[in-house]
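Student: My file is start_2.cif. It has mmCIF, C-alpha atoms and all ligand atoms:
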```cif
data_structure
loop_
_atom_site.label_atom_id
_atom_site.label_comp_id
_atom_site.auth_asym_id
_atom_site.auth_seq_id
_atom_site.Cartn_x
_atom_site.Cartn_y
_atom_site.Cartn_z
CA MET A 1 -24.93 -11.54 -15.67
CA ALA A 2 -24.62 -9.27 -18.71
CA ALA A 3 -21.05 -8.25 -19.21
CA HIS A 4 -20.33 -4.55 -19.35
CA PRO A 5 -18.68 -3.39 -22.54
CA VAL A 6 -14.92 -3.38 -22.40
CA PRO A 7 -13.80 0.25 -22.50
CA SER A 8 -12.03 0.81 -25.74
CA HIS A 9 -11.32 4.53 -25.51
CA ALA A 10 -8.06 5.55 -24.00
CA HIS A 11 -8.61 8.98 -22.47
CA ASN A 12 -5.44 10.06 -24.12
CA ALA A 13 -3.03 7.66 -25.77
CA ALA A 14 -0.01 9.76 -24.89
CA ASP A 15 -0.99 9.94 -21.20
CA LEU A 16 -1.52 6.24 -21.11
CA SER A 17 1.79 5.25 -22.60
CA ALA A 18 3.54 7.66 -20.23
CA VAL A 19 1.96 5.89 -17.28
CA LEU A 20 2.77 2.44 -18.65
CA THR A 21 6.44 3.11 -19.21
CA ASN A 22 6.98 5.37 -16.24
CA THR A 23 8.65 3.68 -13.32
CA ASN A 24 7.91 6.73 -11.19
CA THR A 25 5.32 5.65 -8.69
CA THR A 26 4.01 9.20 -8.41
CA LEU A 27 2.51 9.07 -11.86
CA ARG A 28 1.06 5.62 -11.27
CA ASN A 29 -0.40 6.69 -7.93
CA ALA A 30 -1.88 9.80 -9.48
CA SER A 31 -3.41 7.77 -12.27
CA LEU A 32 -5.04 5.35 -9.82
CA LEU A 33 -6.26 8.12 -7.59
CA SER A 34 -7.65 10.12 -10.47
CA ALA A 35 -9.63 7.08 -11.62
CA LEU A 36 -11.05 6.82 -8.11
CA VAL A 37 -11.78 10.47 -7.60
CA HIS A 38 -13.56 10.88 -10.91
CA LYS A 39 -15.72 7.86 -10.15
CA THR A 40 -15.73 6.78 -13.77
CA GLN A 41 -18.42 4.32 -14.84
CA GLN A 42 -15.95 2.65 -17.15
CA LEU A 43 -12.70 1.19 -15.99
CA PRO A 44 -9.78 3.16 -17.45
CA PRO A 45 -7.93 0.93 -19.96
CA ILE A 46 -4.76 0.83 -17.86
CA PHE A 47 -6.64 -1.38 -15.35
CA VAL A 48 -8.20 -3.77 -17.87
CA GLU A 49 -6.76 -7.26 -17.44
CA ALA A 50 -5.99 -9.45 -20.44
CA GLU A 51 -8.76 -11.85 -21.36
CA GLY A 52 -8.14 -15.18 -19.67
CA GLN A 53 -6.76 -13.42 -16.57
CA ARG A 54 -10.09 -11.88 -15.63
CA PRO A 55 -11.90 -13.15 -12.54
CA VAL A 56 -15.26 -14.90 -12.61
CA LEU A 57 -17.62 -13.08 -10.28
CA GLU A 58 -21.19 -13.67 -9.13
CA MET A 59 -23.31 -10.51 -8.88
CA GLY A 60 -20.12 -8.47 -8.99
CA SER A 61 -18.46 -10.24 -6.05
CA PRO A 62 -16.34 -13.36 -5.65
CA PRO A 63 -18.43 -16.54 -5.25
CA LEU A 64 -18.53 -17.73 -1.64
CA ALA A 65 -19.73 -21.30 -2.10
CA SER A 66 -17.13 -23.80 -3.17
CA THR A 67 -16.23 -27.45 -3.02
CA HIS A 68 -13.12 -26.58 -1.00
CA VAL A 69 -12.95 -24.72 2.29
CA ILE A 70 -9.71 -23.46 3.75
CA PRO A 71 -9.56 -25.18 7.18
CA ILE A 72 -9.99 -23.16 10.37
CA VAL A 73 -7.77 -24.26 13.24
CA ASP A 74 -8.73 -23.43 16.83
CA MET A 75 -5.51 -22.44 18.55
CA SER A 76 -7.06 -22.52 22.03
CA LEU A 77 -6.89 -26.33 21.78
CA LEU A 78 -3.09 -26.10 22.01
CA SER A 79 -3.34 -25.58 25.72
CA SER A 80 -5.37 -28.77 26.17
CA SER A 81 -3.95 -31.08 28.79
CA ASP A 82 -4.68 -34.00 26.47
CA PRO A 83 -1.62 -34.55 24.23
CA ALA A 84 -3.85 -36.20 21.61
CA VAL A 85 -5.78 -32.95 21.15
CA ARG A 86 -2.59 -31.02 20.48
CA ALA A 87 -1.30 -33.72 18.13
CA SER A 88 -4.50 -33.67 16.08
CA LEU A 89 -4.29 -29.89 15.80
CA VAL A 90 -0.75 -30.12 14.42
CA GLU A 91 -1.96 -32.81 12.02
CA GLU A 92 -4.74 -30.53 10.81
CA ILE A 93 -2.24 -27.76 10.10
CA VAL A 94 0.13 -30.14 8.29
CA ALA A 95 -2.68 -31.55 6.14
CA ALA A 96 -3.81 -28.03 5.20
CA CYS A 97 -0.27 -26.95 4.25
CA GLU A 98 0.29 -30.07 2.17
CA LYS A 99 -2.99 -29.72 0.34
CA TYR A 100 -3.80 -26.02 0.18
CA GLY A 101 -0.73 -24.15 1.45
CA PHE A 102 -3.28 -22.12 3.42
CA PHE A 103 -5.11 -22.41 6.73
CA GLN A 104 -6.91 -20.03 9.07
CA VAL A 105 -6.49 -19.62 12.80
CA VAL A 106 -9.09 -18.60 15.36
CA ASN A 107 -8.52 -17.96 19.10
CA HIS A 108 -5.05 -16.87 18.09
CA GLY A 109 -4.46 -14.57 21.07
CA VAL A 110 -4.38 -11.25 19.16
CA SER A 111 -7.10 -9.01 20.57
CA GLU A 112 -9.98 -7.99 18.35
CA ASN A 113 -9.61 -4.46 19.62
CA LEU A 114 -6.00 -4.23 18.44
CA ILE A 115 -6.96 -5.55 15.00
CA LEU A 116 -9.74 -2.96 14.73
CA ARG A 117 -7.42 -0.16 15.84
CA CYS A 118 -4.85 -1.14 13.25
CA GLU A 119 -7.54 -1.22 10.55
CA THR A 120 -8.67 2.25 11.63
CA GLU A 121 -5.12 3.58 11.30
CA ALA A 122 -4.78 1.97 7.87
CA HIS A 123 -8.00 3.64 6.68
CA LYS A 124 -6.82 6.97 8.11
CA MET A 125 -3.62 6.61 6.14
CA PHE A 126 -5.31 5.79 2.84
CA GLU A 127 -7.77 8.65 3.28
CA LEU A 128 -4.96 11.23 3.40
CA PRO A 129 -4.65 13.42 0.29
CA LEU A 130 -2.38 12.08 -2.43
CA GLU A 131 0.19 14.85 -1.87
CA VAL A 132 0.58 13.75 1.74
CA LYS A 133 0.86 10.05 0.86
CA GLU A 134 3.44 10.98 -1.77
CA ARG A 135 5.78 12.05 1.06
CA VAL A 136 6.31 8.35 1.73
CA HIS A 137 6.08 7.06 -1.83
CA ARG A 138 7.93 3.87 -2.62
CA PRO A 139 10.79 4.66 -5.00
CA PRO A 140 11.08 2.32 -8.01
CA GLY A 141 13.00 -0.86 -7.29
CA THR A 142 12.57 -0.57 -3.51
CA SER A 143 10.24 -2.38 -1.14
CA PHE A 144 8.85 0.08 1.37
CA GLY A 145 6.46 3.00 1.26
CA TYR A 146 3.19 3.95 -0.42
CA GLY A 147 2.38 3.13 -4.00
CA ALA A 148 -0.04 1.86 -6.55
CA ASN A 149 0.94 -1.77 -6.43
CA THR A 150 2.39 -2.86 -9.76
CA TRP A 151 5.09 -5.35 -10.57
CA VAL A 152 8.13 -4.95 -12.76
CA ASN A 153 7.31 -5.47 -16.46
CA GLN A 154 3.59 -5.38 -15.81
CA THR A 155 1.65 -3.01 -17.96
CA VAL A 156 -1.80 -3.45 -16.44
CA MET A 157 -2.14 -1.83 -13.04
CA HIS A 158 -3.65 -3.49 -9.98
CA TRP A 159 -6.86 -1.91 -8.71
CA ALA A 160 -5.34 -1.28 -5.28
CA GLU A 161 -3.35 1.09 -3.16
CA SER A 162 -0.69 -0.32 -0.88
CA PHE A 163 1.58 0.80 1.92
CA HIS A 164 4.45 -1.45 3.00
CA MET A 165 6.37 -0.98 6.27
CA GLN A 166 9.12 -2.86 8.05
CA LEU A 167 9.39 -3.60 11.76
CA HIS A 168 12.60 -5.68 11.73
CA PRO A 169 15.56 -5.63 11.41
CA LYS A 170 15.20 -1.83 11.28
CA SER A 171 11.84 -0.19 11.74
CA ASN A 172 10.80 2.54 9.31
CA ILE A 173 7.35 2.93 10.88
CA ARG A 174 8.00 6.07 12.95
CA GLU A 175 9.79 7.80 10.13
CA PHE A 176 6.88 7.13 7.76
CA SER A 177 4.36 8.08 10.41
CA ARG A 178 6.04 11.44 11.10
CA LYS A 179 5.88 12.32 7.43
CA LEU A 180 2.20 11.45 7.17
CA PHE A 181 0.58 12.70 10.33
CA THR A 182 0.61 15.72 12.58
CA GLU A 183 2.33 15.64 15.95
CA SER A 184 -0.69 14.40 17.87
CA ASP A 185 -1.65 11.68 15.39
CA TYR A 186 1.67 10.24 14.47
CA THR A 187 2.35 8.46 17.76
CA ILE A 188 -1.09 6.84 17.61
CA PHE A 189 -0.37 5.50 14.13
CA SER A 190 3.13 4.24 14.85
CA SER A 191 2.41 2.76 18.26
CA THR A 192 -0.69 0.93 17.00
CA VAL A 193 1.12 -0.47 13.97
CA GLU A 194 4.17 -1.50 16.02
CA LYS A 195 2.01 -3.18 18.62
CA TYR A 196 0.00 -5.03 15.99
CA MET A 197 3.09 -6.22 14.15
CA GLY A 198 4.72 -7.26 17.43
CA GLN A 199 1.71 -9.46 18.25
CA ILE A 200 1.66 -10.95 14.77
CA GLU A 201 5.36 -11.66 14.97
CA LYS A 202 4.81 -13.55 18.21
CA LEU A 203 1.98 -15.54 16.63
CA GLY A 204 4.16 -16.16 13.58
CA ARG A 205 7.01 -17.59 15.65
CA HIS A 206 4.57 -19.88 17.39
CA LEU A 207 3.17 -21.03 14.04
CA VAL A 208 6.67 -21.64 12.68
CA GLU A 209 7.29 -23.96 15.67
CA LEU A 210 4.06 -25.86 15.04
CA LEU A 211 4.83 -26.17 11.34
CA THR A 212 8.35 -27.37 12.15
CA GLU A 213 7.03 -29.92 14.64
CA GLY A 214 4.61 -31.07 11.95
CA LEU A 215 7.58 -31.96 9.75
CA GLY A 216 8.79 -34.34 12.46
CA LEU A 217 11.58 -31.97 13.56
CA GLU A 218 12.38 -30.37 16.91
CA PRO A 219 9.89 -27.47 17.07
CA THR A 220 12.72 -24.95 17.59
CA ARG A 221 14.75 -26.21 14.64
CA PHE A 222 13.93 -23.23 12.39
CA ASN A 223 13.80 -20.60 15.13
CA HIS A 224 17.05 -19.00 13.99
CA TYR A 225 15.21 -17.98 10.84
CA VAL A 226 12.67 -15.91 12.74
CA GLU A 227 14.63 -14.46 15.66
CA ASN A 228 16.86 -11.42 16.14
CA GLU A 229 17.78 -10.18 12.68
CA CYS A 230 14.74 -11.70 11.03
CA MET A 231 12.75 -9.58 8.62
CA MET A 232 9.21 -8.70 9.52
CA SER A 233 7.06 -6.40 7.40
CA MET A 234 3.43 -5.50 6.86
CA ARG A 235 1.60 -4.29 3.79
CA PHE A 236 -1.76 -2.58 4.01
CA ASN A 237 -3.73 -3.40 0.86
CA LEU A 238 -6.72 -1.21 0.06
CA TYR A 239 -9.00 -2.32 -2.76
CA PRO A 240 -11.45 0.48 -3.63
CA PRO A 241 -14.87 -0.31 -5.15
CA CYS A 242 -14.30 -0.82 -8.85
CA PRO A 243 -16.59 0.34 -11.69
CA GLN A 244 -16.07 -2.90 -13.66
CA PRO A 245 -14.73 -5.50 -11.22
CA GLU A 246 -15.04 -8.36 -13.73
CA LEU A 247 -12.35 -6.69 -15.89
CA ALA A 248 -9.89 -5.74 -13.15
CA ILE A 249 -7.74 -7.43 -10.55
CA GLY A 250 -6.78 -6.18 -7.08
CA LEU A 251 -3.64 -8.27 -6.85
CA ARG A 252 -2.65 -10.60 -9.67
CA ALA A 253 -2.06 -14.34 -9.09
CA HIS A 254 1.20 -14.86 -7.18
CA THR A 255 2.88 -16.93 -4.54
CA ASP A 256 4.40 -15.10 -1.59
CA PRO A 257 8.20 -15.25 -1.73
CA HIS A 258 8.40 -15.10 2.09
CA LEU A 259 8.62 -17.73 4.80
CA LEU A 260 5.15 -17.23 6.25
CA THR A 261 2.31 -14.77 5.62
CA ILE A 262 -0.31 -13.89 8.23
CA LEU A 263 -3.12 -11.91 6.67
CA HIS A 264 -6.19 -10.29 8.14
CA GLN A 265 -9.06 -9.48 5.80
CA ASP A 266 -12.01 -7.33 6.81
CA GLU A 267 -15.59 -8.54 6.25
CA ILE A 268 -15.45 -8.08 2.47
CA ALA A 269 -14.52 -11.11 0.33
CA GLY A 270 -11.68 -10.87 -2.20
CA LEU A 271 -8.88 -13.32 -1.41
CA GLN A 272 -8.86 -16.39 -3.66
CA VAL A 273 -6.58 -19.44 -3.63
CA GLN A 274 -5.98 -21.66 -6.64
CA ILE A 275 -6.81 -25.28 -5.88
CA ASP A 276 -7.04 -27.91 -8.63
CA GLU A 277 -7.17 -25.18 -11.29
CA GLU A 278 -10.13 -23.58 -9.52
CA TRP A 279 -10.16 -20.20 -7.73
CA ILE A 280 -11.48 -20.73 -4.20
CA THR A 281 -12.66 -17.68 -2.23
CA VAL A 282 -11.47 -17.54 1.37
CA ASN A 283 -14.68 -16.46 3.06
CA PRO A 284 -13.91 -13.50 5.30
CA ARG A 285 -13.97 -14.11 9.05
CA PRO A 286 -12.72 -11.04 10.91
CA ASP A 287 -11.96 -13.22 13.96
CA CYS A 288 -9.52 -15.30 11.89
CA PHE A 289 -6.08 -14.80 10.43
CA VAL A 290 -5.34 -16.40 7.09
CA VAL A 291 -1.93 -18.07 7.21
CA ASN A 292 -0.05 -19.19 4.13
CA ILE A 293 3.16 -20.97 3.32
CA GLY A 294 5.57 -18.79 1.37
CA ASP A 295 8.15 -20.00 -1.13
CA LEU A 296 10.83 -20.20 1.57
CA PHE A 297 8.85 -22.59 3.75
CA GLN A 298 8.16 -24.74 0.71
CA VAL A 299 11.93 -24.95 0.24
CA LEU A 300 12.68 -25.61 3.94
CA SER A 301 10.10 -28.40 4.02
CA ASN A 302 11.64 -29.90 0.86
CA THR A 303 8.31 -29.29 -0.92
CA ARG A 304 6.08 -31.02 1.66
CA TYR A 305 4.35 -27.73 2.37
CA LYS A 306 3.10 -25.89 -0.69
CA SER A 307 3.45 -22.24 -1.59
CA VAL A 308 0.22 -21.80 -3.54
CA LEU A 309 -0.97 -19.24 -6.10
CA HIS A 310 -3.46 -16.74 -4.76
CA ARG A 311 -4.89 -13.37 -5.80
CA ALA A 312 -7.25 -10.63 -4.69
CA VAL A 313 -10.33 -9.78 -6.74
CA VAL A 314 -12.33 -6.58 -6.36
CA ASN A 315 -16.02 -5.75 -6.29
CA GLY A 316 -18.33 -2.99 -7.45
CA THR A 317 -19.67 -1.73 -4.14
CA SER A 318 -17.38 -2.01 -1.12
CA LYS A 319 -13.82 -1.05 -0.42
CA ARG A 320 -11.81 -3.85 1.13
CA LEU A 321 -8.81 -3.71 3.44
CA SER A 322 -6.31 -6.43 4.17
CA LEU A 323 -3.34 -6.33 6.54
CA ALA A 324 -0.65 -8.68 5.24
CA CYS A 325 2.28 -9.48 7.55
CA PHE A 326 5.31 -11.27 6.21
CA LEU A 327 7.81 -13.17 8.34
CA ASN A 328 11.25 -13.73 6.84
CA PRO A 329 14.75 -14.88 7.76
CA PRO A 330 17.71 -12.51 7.99
CA LEU A 331 18.93 -11.54 4.51
CA ASN A 332 22.15 -13.55 4.83
CA ALA A 333 20.51 -16.73 6.14
CA THR A 334 21.01 -19.79 3.96
CA VAL A 335 17.71 -21.44 3.14
CA GLU A 336 17.90 -25.22 2.70
CA PRO A 337 15.96 -28.19 4.04
CA PRO A 338 17.56 -30.10 6.92
CA PRO A 339 19.05 -33.51 5.98
CA GLU A 340 16.28 -35.39 7.84
CA LEU A 341 13.78 -34.20 5.25
CA ILE A 342 15.82 -35.52 2.34
CA THR A 343 14.91 -39.12 1.60
CA THR A 344 14.94 -41.46 -1.38
CA GLU A 345 11.25 -40.77 -1.90
CA ARG A 346 11.81 -37.05 -1.50
CA PRO A 347 15.20 -36.16 -3.01
CA PRO A 348 16.54 -32.60 -2.78
CA VAL A 349 14.93 -30.17 -5.22
CA TYR A 350 16.61 -26.81 -4.67
CA ARG A 351 20.17 -25.68 -4.25
CA PRO A 352 20.89 -23.70 -1.06
CA PHE A 353 20.42 -19.92 -1.42
CA THR A 354 20.06 -16.92 0.82
CA TRP A 355 16.86 -14.97 1.39
CA GLY A 356 18.72 -11.89 0.13
CA GLU A 357 19.51 -13.69 -3.12
CA TYR A 358 15.90 -14.80 -3.47
CA LEU A 359 14.49 -11.39 -2.65
CA ALA A 360 16.65 -9.77 -5.31
CA ASN A 361 14.69 -11.77 -7.90
CA ALA A 362 11.39 -12.02 -6.15
CA TYR A 363 9.40 -9.37 -7.95
CA ASN A 364 10.75 -9.50 -11.45
CA PHE A 365 10.67 -13.25 -11.86
CA HIS A 366 7.09 -14.12 -11.44
CA PRO A 367 4.29 -16.36 -12.75
CA ALA A 368 2.68 -13.31 -14.31
CA ASN A 369 5.93 -12.58 -16.12
CA GLY A 370 6.22 -16.08 -17.49
CA GLY A 371 7.80 -18.32 -14.89
CA GLU A 372 8.05 -19.48 -11.31
CA ARG A 373 10.70 -17.90 -9.12
CA HIS A 374 11.61 -21.17 -7.43
CA GLU A 375 12.66 -22.65 -10.74
CA ARG A 376 15.77 -20.52 -10.67
CA PHE A 377 16.94 -22.45 -7.66
CA PHE A 378 16.28 -25.97 -8.92
CA LEU A 379 19.34 -28.17 -8.43
CA GLU A 380 19.74 -29.09 -12.06
CA LYS A 381 19.87 -25.41 -13.02
CA SER A 382 22.60 -24.42 -10.57
C1 LIG B 1 -0.53 -10.26 -0.42
C2 LIG B 1 -1.83 -10.91 -0.71
C3 LIG B 1 -4.23 -10.81 -0.60
C4 LIG B 1 -5.32 -9.91 -0.08
O1 LIG B 1 -0.56 -9.11 0.09
O2 LIG B 1 0.51 -10.90 -0.71
O3 LIG B 1 -1.83 -11.99 -1.23
O4 LIG B 1 -6.41 -10.43 0.12
N1 LIG B 1 -2.95 -10.24 -0.38
O5 LIG B 1 -5.07 -8.72 0.09
NI NI B 2 0.16 -12.84 -1.31
#
```
Write out the structure in this file as structure tokens.
Ligand code: OGA
Ligand code: NI
Tutor:
Amino acid sequence: MAAHPVPSHAHNAADLSAVLTNTNTTLRNASLLSALVHKTQQLPPIFVEAEGQRPVLEMGSPPLASTHVIPIVDMSLLSSSDPAVRASLVEEIVAACEKYGFFQVVNHGVSENLILRCETEAHKMFELPLEVKERVHRPPGTSFGYGANTWVNQTVMHWAESFHMQLHPKSNIREFSRKLFTESDYTIFSSTVEKYMGQIEKLGRHLVELLTEGLGLEPTRFNHYVENECMMSMRFNLYPPCPQPELAIGLRAHTDPHLLTILHQDEIAGLQVQIDEEWITVNPRPDCFVVNIGDLFQVLSNTRYKSVLHRAVVNGTSKRLSLACFLNPPLNATVEPPPELITTERPPVYRPFTWGEYLANAYNFHPANGGERHERFFLEKS
């Protein structure tokens, strides 16, 4: 496919440098939104990725065919009366987490209707005028609220809007919802989001037990990480159609710092996982959730399960929505593998740390900023 010319004109150099250096999300949001509203044919320079970081697309969309496929696990088999069926399902999950750090689940028990309702609420939220969304903007250096999604020290902006909310330990969903919607709409938004996150949390706890069992441990061994004061959040990611998708990125390559991520993508492709130096598209299946190991589970498993680089690419024609739920331990929980997982073949790799300590570094120490976060916690560096 013929490449479009790379836009070389900055609309106004002064404007641009103000956006780049401004940590105020309002300006960044406005700059994203103005690019969308004006439907420019050329991607504004602030969204142009460095060469070498740009995605390879086919006909303007991520390629669907690949040598690797992220396995799909049928959770209805768990209730089989045959213990061998259950055991092989756990084996499938373990193999996927060792090899890809990703798997998908189908027949997961979350109703299709609830997923659709949550997607509808997410679209309603993103379609609000910028001044309304600004009422819940995410202040610099904080985690929750609405914002153009950009990381610390990053000068190129993601082609995406995002809205991040927390259910546990203290929900901010109703407060956000009240600021966004009128009286009659706000309960619909908050109750739908709470219900969806509650169901995902339940699924997440179940998956943590299966993953723990797969390590040869008592299934409940890690439950204290995901009960009571655990942290549970969800980020809506909206990737608008992009005038030059081969030059932009929706969400730059990263690993999730969390314990476990459970993501739902709509029918538009965009999520890619890096396997053997190749970017593999996770073909969208709206009846599936995509589950991935976060950095913390990699640590708990003493590196048996892998927290793998992934990214979201954008396309020229369709907007794409993903609902990303993150399950995490309480902030003060110490994260370290149990002694059973430390062997001569697999010696300890990380020093113990708390999730709070990890989170404090999570978004400024990053592959895109020249390093892996986990490296900070290697034993020899402590
Ligand atoms: C994330 C993420 C991918 C997507 O939110 O951490 O990796 O497809 N999202 O939106
Ligand atoms: Ni991610």
Student: Using only C-alpha atoms, which residue out of A:Gly214, A:Gly141, A:Leu296, A:Ser233 lies closest to A:Met197?
Tutor: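 Counting only C-alpha atoms, the residue closest to A:Met197 is A:Ser233.
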Student: With 6 Å as the threshold, what does the neighbourhood of (-7.5, -20.3, 2.7) contain in terms of residues, counting all atoms listed in the file? Coordinates are those of the file; answer as a list in words.
Tutor: Ile70, Phe102, Phe103 and Val282 of chain A
Student: Can I get the residues close to ligand LIG 1 (chain B) as a list in words, where close means within 6 Å and we count all atoms listed in the file?
Tutor: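 Listed by chain and ascending number, the contacts are Asn237, Asp256, Gly270, Leu271, Arg311, Ala312, Ser322 and Ala324 of chain A.
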Student: Quick one: pull the distance between atom CA of A:Phe181 and atom CA of A:Phe163, Å, one decimal.
Tutor: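 Atom CA of A:Phe163 lies at a distance of 14.6 Å from atom CA of A:Phe181.
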Student: Give me the residues of chain A that have any atom at most 10 Å from an atom of ligand NI 2 (chain B); for each, the nearest atom pair and the distance in Å, rounded to one decimal. Use only C-alpha atoms and all ligand atoms, sort by chain and number, and format it as JSON lines.
Tutor:
```
{"residue": "A:Leu251", "atom": "CA", "partner": "B:NI2", "partner_atom": "NI", "distance": 8.1}
{"residue": "A:Arg252", "atom": "CA", "partner": "B:NI2", "partner_atom": "NI", "distance": 9.1}
{"residue": "A:Ala253", "atom": "CA", "partner": "B:NI2", "partner_atom": "NI", "distance": 8.2}
{"residue": "A:His254", "atom": "CA", "partner": "B:NI2", "partner_atom": "NI", "distance": 6.3}
{"residue": "A:Thr255", "atom": "CA", "partner": "B:NI2", "partner_atom": "NI", "distance": 5.9}
{"residue": "A:Asp256", "atom": "CA", "partner": "B:NI2", "partner_atom": "NI", "distance": 4.8}
{"residue": "A:Pro257", "atom": "CA", "partner": "B:NI2", "partner_atom": "NI", "distance": 8.4}
{"residue": "A:His258", "atom": "CA", "partner": "B:NI2", "partner_atom": "NI", "distance": 9.2}
{"residue": "A:Thr261", "atom": "CA", "partner": "B:NI2", "partner_atom": "NI", "distance": 7.5}
{"residue": "A:Ile262", "atom": "CA", "partner": "B:NI2", "partner_atom": "NI", "distance": 9.6}
{"residue": "A:Leu263", "atom": "CA", "partner": "B:NI2", "partner_atom": "NI", "distance": 8.7}
{"residue": "A:Leu271", "atom": "CA", "partner": "B:NI2", "partner_atom": "NI", "distance": 9.1}
{"residue": "A:Gln272", "atom": "CA", "partner": "B:NI2", "partner_atom": "NI", "distance": 10.0}
{"residue": "A:Val273", "atom": "CA", "partner": "B:NI2", "partner_atom": "NI", "distance": 9.7}
{"residue": "A:Asn292", "atom": "CA", "partner": "B:NI2", "partner_atom": "NI", "distance": 8.4}
{"residue": "A:Ile293", "atom": "CA", "partner": "B:NI2", "partner_atom": "NI", "distance": 9.8}
{"residue": "A:Gly294", "atom": "CA", "partner": "B:NI2", "partner_atom": "NI", "distance": 8.5}
{"residue": "A:Ser307", "atom": "CA", "partner": "B:NI2", "partner_atom": "NI", "distance": 10.0}
{"residue": "A:Val308", "atom": "CA", "partner": "B:NI2", "partner_atom": "NI", "distance": 9.2}
{"residue": "A:Leu309", "atom": "CA", "partner": "B:NI2", "partner_atom": "NI", "distance": 8.1}
{"residue": "A:His310", "atom": "CA", "partner": "B:NI2", "partner_atom": "NI", "distance": 6.3}
{"residue": "A:Arg311", "atom": "CA", "partner": "B:NI2", "partner_atom": "NI", "distance": 6.8}
{"residue": "A:Ala312", "atom": "CA", "partner": "B:NI2", "partner_atom": "NI", "distance": 8.4}
{"residue": "A:Ala324", "atom": "CA", "partner": "B:NI2", "partner_atom": "NI", "distance": 7.8}
{"residue": "A:Cys325", "atom": "CA", "partner": "B:NI2", "partner_atom": "NI", "distance": 9.7}
{"residue": "A:Phe326", "atom": "CA", "partner": "B:NI2", "partner_atom": "NI", "distance": 9.2}
```
Student: Can you tell me which residues surround stretch 79-91 of chain A at a distance of at most 8 Å, considering all atoms listed in the file, apart from same-chain residues fewer than 4 positions away, and format the answer as a list of chain:residue names?
Tutor: A:Val73, A:Asp74, A:Ala95, A:Leu210, A:Leu211, A:Glu213, A:Gly214
Student: Mind giving me the straight-line distance from atom CA of A:Glu345 to atom CA of A:Asn302 in Å, one decimal?
Tutor: 11.2 Å
Student: Taking a cut-off of 10 Å and counting only C-alpha atoms, can you build a table that, for each residue of stretch 183-234 of chain A near stretch 112-134 of chain A, reports the nearest atom pair and how far apart they are in Å (one decimal), sorted by chain then residue number, as JSON lines?
Tutor:
```
{"residue": "A:Asp185", "atom": "CA", "partner": "A:Glu121", "partner_atom": "CA", "distance": 9.7}
{"residue": "A:Ile188", "atom": "CA", "partner": "A:Glu121", "partner_atom": "CA", "distance": 8.2}
{"residue": "A:Phe189", "atom": "CA", "partner": "A:Glu121", "partner_atom": "CA", "distance": 5.9}
{"residue": "A:Ser190", "atom": "CA", "partner": "A:Glu121", "partner_atom": "CA", "distance": 9.0}
{"residue": "A:Ser191", "atom": "CA", "partner": "A:Cys118", "partner_atom": "CA", "distance": 9.6}
{"residue": "A:Thr192", "atom": "CA", "partner": "A:Cys118", "partner_atom": "CA", "distance": 6.0}
{"residue": "A:Val193", "atom": "CA", "partner": "A:Cys118", "partner_atom": "CA", "distance": 6.1}
{"residue": "A:Glu194", "atom": "CA", "partner": "A:Cys118", "partner_atom": "CA", "distance": 9.4}
{"residue": "A:Lys195", "atom": "CA", "partner": "A:Leu114", "partner_atom": "CA", "distance": 8.1}
{"residue": "A:Tyr196", "atom": "CA", "partner": "A:Leu114", "partner_atom": "CA", "distance": 6.5}
{"residue": "A:Met197", "atom": "CA", "partner": "A:Cys118", "partner_atom": "CA", "distance": 9.5}
{"residue": "A:Gln199", "atom": "CA", "partner": "A:Leu114", "partner_atom": "CA", "distance": 9.3}
```
Student: Would you work out the distance separating atom CA of A:Glu278 from atom CA of A:Val313, expressed in Å to one decimal?
Tutor: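 Interatomic distance here is 14.1 Å.
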Student: List as a PDB file with C-alpha atoms, in the coordinates of the input the protein and nucleic acid residues near A:His68, meaning an atom at most 10 Å away when only C-alpha atoms are counted, but skip any in the same chain fewer than 6 places from it.
Tutor:
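Result file follows (selection.pdb):
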```pdb
ATOM      1  CA  TYR A 100      -3.800 -26.020   0.180  1.00  0.00           C
ATOM      2  CA  ILE A 275      -6.810 -25.280  -5.880  1.00  0.00           C
ATOM      3  CA  ASP A 276      -7.040 -27.910  -8.630  1.00  0.00           C
ATOM      4  CA  GLU A 278     -10.130 -23.580  -9.520  1.00  0.00           C
ATOM      5  CA  TRP A 279     -10.160 -20.200  -7.730  1.00  0.00           C
ATOM      6  CA  ILE A 280     -11.480 -20.730  -4.200  1.00  0.00           C
ATOM      7  CA  THR A 281     -12.660 -17.680  -2.230  1.00  0.00           C
ATOM      8  CA  VAL A 282     -11.470 -17.540   1.370  1.00  0.00           C
TER       9      VAL A 282
END
```
Student: Residues of stretch 14-120 of chain A that approach stretch 154-162 of chain A to 7 Å or less, counting all atoms listed in the file: could you list each one with the shortest pair of atoms and its distance in Å to one decimal, rows by chain and increasing residue number, as a tab-separated table?
Tutor:
```
residue	atom	partner	partner_atom	distance
A:Leu20	CA	A:Thr155	CA	5.6
A:Ile46	CA	A:Val156	CA	5.4
A:Phe47	CA	A:Met157	CA	5.1
A:Val48	CA	A:Val156	CA	6.6
A:Glu49	CA	A:Val156	CA	6.3
```
Student: Excluding stretch 218-225 of chain A and its own-chain neighbours fewer than 6 positions away, which residues fall within 7 Å of it when counting all atoms listed in the file? Please give them as a PDB file with C-alpha atoms, keeping the file's coordinate frame.
Tutor:
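As written to disk, around08.pdb reads:
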```pdb
ATOM      1  CA  GLU A 209       7.290 -23.960  15.670  1.00  0.00           C
ATOM      2  CA  LEU A 210       4.060 -25.860  15.040  1.00  0.00           C
ATOM      3  CA  THR A 212       8.350 -27.370  12.150  1.00  0.00           C
ATOM      4  CA  PRO A 329      14.750 -14.880   7.760  1.00  0.00           C
ATOM      5  CA  PRO A 330      17.710 -12.510   7.990  1.00  0.00           C
TER       6      PRO A 330
END
```
